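Structure data (compact mmCIF, C-alpha atoms) from final08.txt:
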# COMPACT_ATOMS: atom_id res chain seq x y z
CA MET A 57 -61.25 -25.38 24.98
CA LYS A 58 -64.51 -23.91 26.12
CA ASN A 59 -66.15 -27.39 25.93
CA VAL A 60 -63.50 -28.89 28.18
CA THR A 61 -63.88 -26.09 30.70
CA ASP A 62 -67.63 -26.40 30.58
CA SER A 63 -67.43 -30.13 31.23
CA PHE A 64 -65.24 -29.56 34.29
CA VAL A 65 -67.54 -26.87 35.53
CA SER A 66 -70.59 -29.08 34.99
CA LEU A 67 -68.87 -31.82 36.99
CA GLY A 68 -68.70 -29.47 39.88
CA HIS A 69 -72.50 -29.30 40.03
CA TRP A 70 -73.03 -33.03 40.28
CA PRO A 71 -73.56 -34.44 43.61
CA SER A 72 -70.56 -36.11 45.13
CA ALA A 73 -70.45 -39.83 44.86
CA GLY A 74 -68.33 -40.90 47.66
CA SER A 75 -64.80 -39.52 47.97
CA PHE A 76 -64.39 -38.32 44.41
CA GLY A 77 -65.30 -34.78 43.58
CA VAL A 78 -64.23 -31.64 41.81
CA ASN A 79 -63.29 -28.67 43.84
CA THR A 80 -64.51 -25.58 42.07
CA ASP A 81 -62.74 -23.18 44.39
CA ILE A 82 -60.27 -21.70 41.99
CA LEU A 83 -57.90 -20.30 44.61
CA ALA A 84 -57.51 -23.63 46.38
CA THR A 85 -57.10 -25.71 43.24
CA ASN A 86 -54.68 -23.50 41.31
CA PRO A 87 -51.48 -24.28 43.26
CA ILE A 88 -52.28 -27.99 43.12
CA ASN A 89 -53.02 -27.85 39.40
CA LEU A 90 -49.94 -25.82 38.74
CA SER A 91 -47.76 -28.28 40.67
CA VAL A 92 -49.23 -31.19 38.76
CA VAL A 93 -48.72 -29.42 35.42
CA LEU A 94 -45.18 -28.42 36.37
CA GLY A 95 -44.37 -31.93 37.50
CA VAL A 96 -45.68 -33.40 34.24
CA LEU A 97 -43.79 -30.76 32.24
CA ILE A 98 -40.57 -31.36 34.14
CA TYR A 99 -40.88 -35.12 33.87
CA PHE A 100 -41.77 -35.23 30.18
CA GLY A 101 -40.25 -31.92 29.08
CA LYS A 102 -36.87 -32.53 30.72
CA GLY A 103 -35.54 -34.32 27.66
CA VAL A 104 -36.93 -31.76 25.24
CA LEU A 105 -35.60 -28.88 27.30
CA THR A 106 -32.23 -30.60 27.62
CA ASP A 107 -32.15 -31.17 23.84
CA LEU A 108 -33.06 -27.54 23.19
CA LEU A 109 -30.41 -26.32 25.60
CA ASP A 110 -27.80 -28.71 24.10
CA ASN A 111 -28.65 -27.51 20.58
CA ARG A 112 -28.42 -23.91 21.70
CA LYS A 113 -25.10 -24.64 23.44
CA GLN A 114 -23.74 -26.31 20.27
CA ARG A 115 -24.82 -23.36 18.12
CA ILE A 116 -23.19 -20.93 20.54
CA LEU A 117 -19.96 -22.98 20.60
CA SER A 118 -20.03 -23.25 16.80
CA THR A 119 -20.53 -19.50 16.51
CA ILE A 120 -17.62 -18.91 18.92
CA ARG A 121 -15.38 -21.29 16.89
CA ASN A 122 -16.38 -19.57 13.65
CA SER A 123 -15.73 -16.19 15.24
CA GLU A 124 -12.29 -17.34 16.39
CA GLU A 125 -11.49 -18.66 12.90
CA LEU A 126 -12.67 -15.40 11.35
CA ARG A 127 -10.60 -13.48 13.89
CA ARG A 128 -7.49 -15.52 13.07
CA SER A 129 -8.14 -15.07 9.35
CA ALA A 130 -8.62 -11.33 9.84
CA ILE A 131 -5.36 -11.13 11.81
CA GLU A 132 -3.53 -13.03 9.05
CA GLN A 133 -4.99 -10.74 6.40
CA LEU A 134 -4.04 -7.73 8.48
CA GLU A 135 -0.44 -8.99 8.75
CA LYS A 136 -0.34 -9.65 5.00
CA ALA A 137 -1.71 -6.18 4.35
CA ARG A 138 0.92 -4.67 6.66
CA ASP A 139 3.65 -6.63 4.84
CA ARG A 140 2.33 -5.40 1.49
CA LEU A 141 2.19 -1.84 2.84
CA ARG A 142 5.82 -2.06 3.99
CA LYS A 143 6.82 -3.46 0.60
CA VAL A 144 4.91 -0.75 -1.25
CA GLU A 145 6.43 1.94 0.96
CA THR A 146 9.91 0.54 0.24
CA GLU A 147 9.18 0.47 -3.50
CA ALA A 148 7.79 4.01 -3.29
CA ASP A 149 10.98 5.18 -1.59
CA GLU A 150 13.04 3.46 -4.33
CA TYR A 151 10.90 5.06 -7.02
CA ARG A 152 11.21 8.41 -5.31
CA VAL A 153 15.03 8.13 -5.16
CA ASN A 154 15.21 6.78 -8.70
CA GLY A 155 12.73 9.40 -9.82
CA TYR A 156 14.89 12.19 -8.43
CA SER A 157 17.92 10.70 -10.16
CA GLU A 158 15.96 10.38 -13.39
CA ILE A 159 14.75 13.96 -13.06
CA GLU A 160 18.32 15.17 -12.57
CA ARG A 161 19.45 13.18 -15.64
CA GLU A 162 16.58 14.54 -17.69
CA LYS A 163 17.38 18.04 -16.48
CA ALA A 164 21.04 17.66 -17.49
CA ASN A 165 20.01 16.18 -20.86
CA LEU A 166 17.57 19.04 -21.42
CA ILE A 167 20.22 21.62 -20.53
CA ASN A 168 22.69 19.95 -22.90
CA ALA A 169 20.11 19.71 -25.68
CA THR A 170 19.13 23.35 -25.17
CA SER A 171 22.78 24.40 -25.21
CA ASP A 172 23.36 22.43 -28.43
CA SER A 173 20.23 23.93 -29.93
CA LEU A 174 21.33 27.45 -28.98
CA GLU A 175 24.76 26.80 -30.44
CA GLY A 176 23.17 25.55 -33.68
CA LEU A 177 20.93 28.63 -33.78
CA GLU A 178 23.96 30.87 -33.23
CA ASN A 179 25.81 29.14 -36.09
CA TYR A 180 22.74 29.45 -38.32
CA LYS A 181 22.42 33.13 -37.40
CA ASN A 182 26.10 33.75 -38.25
CA GLU A 183 25.80 31.90 -41.57
CA ARG A 184 22.63 33.81 -42.37
CA LEU A 185 24.40 37.09 -41.54
CA ARG A 186 27.33 36.17 -43.83
CA PHE A 187 24.89 35.19 -46.59
CA GLU A 188 22.96 38.45 -46.22
CA GLN A 189 26.24 40.44 -46.19
CA GLN A 190 27.41 38.67 -49.36
CA ARG A 191 24.03 39.27 -50.97
CA ALA A 192 24.13 42.96 -50.00
CA ILE A 193 27.69 43.23 -51.36
CA ASN A 194 26.61 41.58 -54.64
CA GLN A 195 23.62 43.92 -54.90
CA VAL A 196 25.88 46.92 -54.28
CA ARG A 197 28.34 45.63 -56.92
CA GLN A 198 25.54 45.14 -59.42
CA ARG A 199 24.20 48.60 -58.67
CA VAL A 200 27.67 50.16 -58.99
CA PHE A 201 28.32 48.22 -62.23
CA GLN A 202 24.92 49.25 -63.59
CA GLN A 203 25.54 52.88 -62.66
CA ALA A 204 29.05 52.73 -64.18
CA LEU A 205 27.64 51.18 -67.35
CA GLU A 206 24.88 53.78 -67.51
CA GLY A 207 27.49 56.48 -66.94
CA ALA A 208 29.76 55.05 -69.65
CA LEU A 209 26.86 54.78 -72.10
CA GLY A 210 25.82 58.31 -71.27
CA THR A 211 29.39 59.52 -71.83
CA LEU A 212 29.65 57.57 -75.08
CA ASN A 213 26.35 58.90 -76.32
CA THR A 214 27.36 62.48 -75.58
CA CYS A 215 30.85 62.11 -77.03
CA LEU A 216 30.06 60.09 -80.10
CA ASN A 217 28.73 61.76 -83.09
CA SER A 218 27.37 59.94 -86.12
CA GLU A 219 30.65 59.85 -88.03
CA LEU A 220 32.56 58.37 -85.12
CA HIS A 221 29.73 55.95 -84.61
CA PHE A 222 29.91 54.77 -88.27
CA ARG A 223 33.70 54.38 -88.06
CA THR A 224 33.37 52.24 -84.92
CA ILE A 225 30.77 50.06 -86.60
CA ARG A 226 32.98 49.61 -89.72
CA ALA A 227 35.97 48.72 -87.57
CA ASN A 228 33.96 46.14 -85.68
CA ILE A 229 32.62 44.70 -88.95
CA GLY A 230 36.15 44.46 -90.26
CA ILE A 231 37.26 42.62 -87.12
CA LEU A 232 34.34 40.28 -87.41
CA GLY A 233 35.12 39.66 -91.09
CA THR A 234 38.69 38.67 -90.31
CA MET A 235 37.49 36.35 -87.65
CA GLY A 236 35.14 34.75 -90.12
CA ASP A 237 37.99 34.19 -92.63
CA TYR A 238 40.17 32.74 -89.90
CA GLY A 239 37.42 30.29 -88.88
CA ARG A 240 36.97 29.08 -92.49
CA ASN A 241 40.67 28.45 -93.00
CA ASN A 242 41.03 26.26 -89.95

Mind converting the file's structure to structure tokens?
Amino acid sequence: MKNVTDSFVSLGHWPSAGSFGVNTDILATNPINLSVVLGVLIYFGKGVLTDLLDNRKQRILSTIRNSEELRRSAIEQLEKARDRLRKVETEADEYRVNGYSEIEREKANLINATSDSLEGLENYKNERLRFEQQRAINQVRQRVFQQALEGALGTLNTCLNSELHFRTIRANIGILGTMGDYGRNN
């Protein structure tokens, strides 16, 4: 770039050859140069600029169409979500109502089961009481019988002397002997 500028500057020092020359006054030549450059740019760059603007316009329109499609899709998804929410709320209300009914049934079943269990425990308690009463009565009977037997043995031991004791033994032996003869004859 410096070489090109230098060549233009060096042209300005050459003597003019007729009507052709380079004006080195920068303030006078700038508007002319700028108009020439702008004219060339407009003439040749018009198509490029138009193509760039058309491409940009197409991208903007495409973006707008995509945005509209996304918006429609989002609205559809929102409506579907609202429908699902309504459905879920309805199902939740049904579950809530059914749940309360189920809770009431379970409560009634639990009360009935508890009542049956308490009744069974009451019956078991009564049977256990009867069993313990019978056992206590049997123990008392055994104790009374044992005391009566001990009393009878004590009375017999005090009343019996050896002679009476021998007579009782002989009488029992005699009874046993007759029983033995009776068993052999049959």

Problem set entry | Interatomic distance (Å, one decimal) between CA of Ile116 (chain A) and CA of Gln133 (chain A) | 25.2 Å

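Our summary of the geometry notes that CA of Arg121 (chain A) is positioned 20.7 Å from CA of Asp107 (chain A).
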
For this session: Quick one: pull the distance between CA of Lys163 (chain A) and CA of Thr146 (chain A), Å, one decimal.
Result: 25.3 Å
